[in-house]
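These notes are about the structure you will find just below.
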Amino acid sequence: MKFAVVVFPGSNCDRDMYFAITDALGQKADLVWYQEADLSSYDAILLPGGFSYGDYLRSGAIASTSNVIKQIREAAEAGKPILGVCNGFQVLLEMGLLPGAMLPNKHLKFMCHYETLKVENAKTMFTNSYEEQEEIELPIAHGDGNYYCDEATYTQLKNNNQIAFTYKNNPNGSVEDIAGITNEQGTVLGMMPHPERAVDSLVGTTDGLRLFQSILTHWRDKHAIKA
């Protein structure tokens with residue numbers, strides 16, 4: 001399986017994402033500069049965290065207008081896994097692939113620590129290696145991580161099982177403790193916590209590795225040659 005890690009000016013978690021795929025997952029990955037991107041040959045697209053374009057206007061807003069966005073939309077329409085983490089989640093919201101918006105943290109401070117998450121939907125291509133309602137530990141690192149949506153959108157997310165992860169102890173004020181959501185088709189996941197920073201026991205947990213293993217399992221099940 002081959003992954004593209006799309007790099008924007010200001011991305012700073014791209015190497016973490018790259019090594020999570022190549023070293024921990026044992027799959028191929030390329031760091032793809034957004035201006036030179038050709039995503040047609042990749043099986044999955046990863047949008048890393050950081051501060052694309054310095055978070056000017058709004059976090060993820062300028063990146064969401066770049067030329068590579070058209071290719072990301074095409075990959076999503078083709079059913080390829082699209083994962084946006086932290087700033088990558090913000091980009092997905094700004095480009096409209098996921099509903100809702102991201103606001104500053106409720107205490108208006110940057111937060112960087114581990115949080116306990118609950119797996120709300122273990123049946124997606126991103127979560128099939130977890131158990132329903134399982135609690136996992138992942139780090140967060142954000143200043144604008146307060147997920148917001150109106151009541152109608154939340155009802156839709158809930159009814160369509162689009163809420164993938166929630167916080168056990170909501171650190172940033174997100175609506176209904178939401179930490180990560182998918183699109184209705186389940187092919188796009190946006191989340192604020194960083195699974196790519198939790199793939200090696202040396203950092204205290206490997207709970208994030210199972211998210212990438214889930215993507216790989218789904219891809220193998222879909223593309224395996226049937227005897």
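Labels for the structure tokens follow display order: chains A, B, ..., residues from 1 in each chain, ligands from 1.
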query: If we count only C-alpha atoms, what is near stretch 93-95 of chain A at a cut-off of 7 Å, once residues fewer than 5 positions away on the same chain are taken out, given as a PyMOL selection string?
result: chain A and resi 60-61+64+100-101
Write a file of the selected residues as a compact mmCIF listing (two decimals), in the first residue's frame, keeping N, CA and C atoms.
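Dumped to result-v3.txt:
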```txt
# COMPACT_ATOMS: atom_id res chain seq x y z
N GLY A 60 -6.14 26.34 8.42
CA GLY A 60 -6.48 25.49 7.29
C GLY A 60 -7.16 26.20 6.14
N ALA A 61 -7.49 27.48 6.31
CA ALA A 61 -8.31 28.18 5.30
C ALA A 61 -7.56 28.36 3.98
N SER A 64 -6.82 25.18 2.04
CA SER A 64 -8.02 24.57 1.45
C SER A 64 -8.34 25.14 0.07
N GLY A 100 -18.98 21.14 9.72
CA GLY A 100 -18.63 21.79 10.97
C GLY A 100 -17.50 22.78 10.81
N ALA A 101 -17.00 23.28 11.92
CA ALA A 101 -15.93 24.29 11.92
C ALA A 101 -15.09 24.11 13.18
```
message: Among stretch 39-179 of chain A, which ones does DSSP assign to helix (DSSP H, G or I) (computed from the backbone)? Answer as a PyMOL selection string.
response: chain A and resi 52-55+63-65+68-77+87-94+151-159+175-177
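Distances here use only C-alpha atoms; by that measure, the residue among A:Asn105, A:Asn169, A:Gln90, A:Gln213 closest to A:Arg58 is A:Gln90.
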field: Nearby residues (only C-alpha atoms) at most 12 Å from A:Ala76, same-chain spacing under 2 positions excluded, as a VMD selection string
entry: chain A and resid 39 to 40 42 to 46 69 to 74 78 to 83 92 96 to 98 182 to 189
message: Using DSSP assignments from the backbone, pull out every residue in stretch 107-150 of chain A that falls under strand (DSSP E) and give it to me as a PyMOL selection string.
response: chain A and resi 111-119+135-142+146-148
Selection above as a file: C-alpha atoms, as a PDB file, in the first residue's frame:
```pdb
ATOM      1  CA  MET A 111      -2.726  22.491  24.604  1.00  0.00           C
ATOM      2  CA  CYS A 112      -0.151  19.719  24.319  1.00  0.00           C
ATOM      3  CA  HIS A 113      -0.643  16.536  26.353  1.00  0.00           C
ATOM      4  CA  TYR A 114      -2.166  13.054  26.227  1.00  0.00           C
ATOM      5  CA  GLU A 115      -5.914  12.615  26.256  1.00  0.00           C
ATOM      6  CA  THR A 116      -8.145   9.579  26.732  1.00  0.00           C
ATOM      7  CA  LEU A 117     -10.428   8.969  23.759  1.00  0.00           C
ATOM      8  CA  LYS A 118     -13.395   6.681  23.349  1.00  0.00           C
ATOM      9  CA  VAL A 119     -13.882   4.770  20.093  1.00  0.00           C
ATOM     10  CA  GLU A 135     -10.617   3.799  25.553  1.00  0.00           C
ATOM     11  CA  ILE A 136      -7.278   4.735  24.014  1.00  0.00           C
ATOM     12  CA  GLU A 137      -4.548   7.295  24.737  1.00  0.00           C
ATOM     13  CA  LEU A 138      -3.425   9.775  22.079  1.00  0.00           C
ATOM     14  CA  PRO A 139      -1.598  13.115  22.311  1.00  0.00           C
ATOM     15  CA  ILE A 140      -3.164  16.427  21.350  1.00  0.00           C
ATOM     16  CA  ALA A 141      -1.312  19.588  20.271  1.00  0.00           C
ATOM     17  CA  HIS A 142      -3.553  22.435  19.151  1.00  0.00           C
ATOM     18  CA  ASN A 146     -12.759  23.267  19.630  1.00  0.00           C
ATOM     19  CA  TYR A 147     -15.001  21.440  17.139  1.00  0.00           C
ATOM     20  CA  TYR A 148     -18.340  23.133  16.492  1.00  0.00           C
TER      21      TYR A 148
END
```
field: Point-to-point distance from atom CA of A:His194 to atom CA of A:Cys86, Å rounded to tenths
entry: 7.1 Å
field: Nearby residues (only C-alpha atoms) at most 8 Å from A:Asn128, same-chain spacing under 6 positions excluded, as a PyMOL selection string
entry: chain A and resi 122+211+214
- request: Measuring atom to atom with only C-alpha atoms, identify which of A:Leu47, A:Asn161, A:Ala24, A:Val199 is nearest to A:Lys123.
  value: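 Of A:Leu47, A:Asn161, A:Ala24, A:Val199, the one nearest A:Lys123, counting only C-alpha atoms, is A:Asn161.
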query: So how far away is atom CA of A:Asp177 from atom CA of A:His107, in Å?
result: 15.3 Å
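Taking atom CA of A:Asn87 as the reference point, atom CA of A:Met192 is found at 7.7 Å.
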- prompt: Contacts of A:Leu25 at 9 Å or less, counting only C-alpha atoms, minus same-chain residues fewer than 3 places along, as a PyMOL selection string?
  reply: chain A and resi 19-22+28+199+209+212-213+216
Go ahead and dump the residues you just picked, C-alpha atoms, as an mmCIF file, in the first residue's frame.
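Result went into again-v2.cif, see below:
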```cif
data_model
loop_
_atom_site.group_PDB
_atom_site.id
_atom_site.type_symbol
_atom_site.label_atom_id
_atom_site.label_comp_id
_atom_site.auth_asym_id
_atom_site.auth_seq_id
_atom_site.Cartn_x
_atom_site.Cartn_y
_atom_site.Cartn_z
ATOM 1 C CA PHE A 19 7.732 7.535 9.754
ATOM 2 C CA ALA A 20 4.496 6.171 11.241
ATOM 3 C CA ILE A 21 3.794 4.654 7.818
ATOM 4 C CA THR A 22 7.298 3.577 6.783
ATOM 5 C CA LYS A 28 5.496 2.930 1.378
ATOM 6 C CA VAL A 199 2.951 4.287 17.179
ATOM 7 C CA LEU A 209 -0.715 2.464 15.268
ATOM 8 C CA PHE A 212 -3.038 2.935 10.383
ATOM 9 C CA GLN A 213 -3.314 -0.846 10.663
ATOM 10 C CA LEU A 216 -4.081 -1.294 5.736
#
```
- prompt: So which one's closest to A:Ile178, A:Phe51, A:Glu120, A:Arg210, A:Glu77? Using only C-alpha atoms, please.
  reply: A:Glu120
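Restricting the calculation to only C-alpha atoms, the smallest distance between A:Tyr18 and any of A:Phe165, A:Arg197, A:Gly190, A:Val91 is found for A:Arg197.
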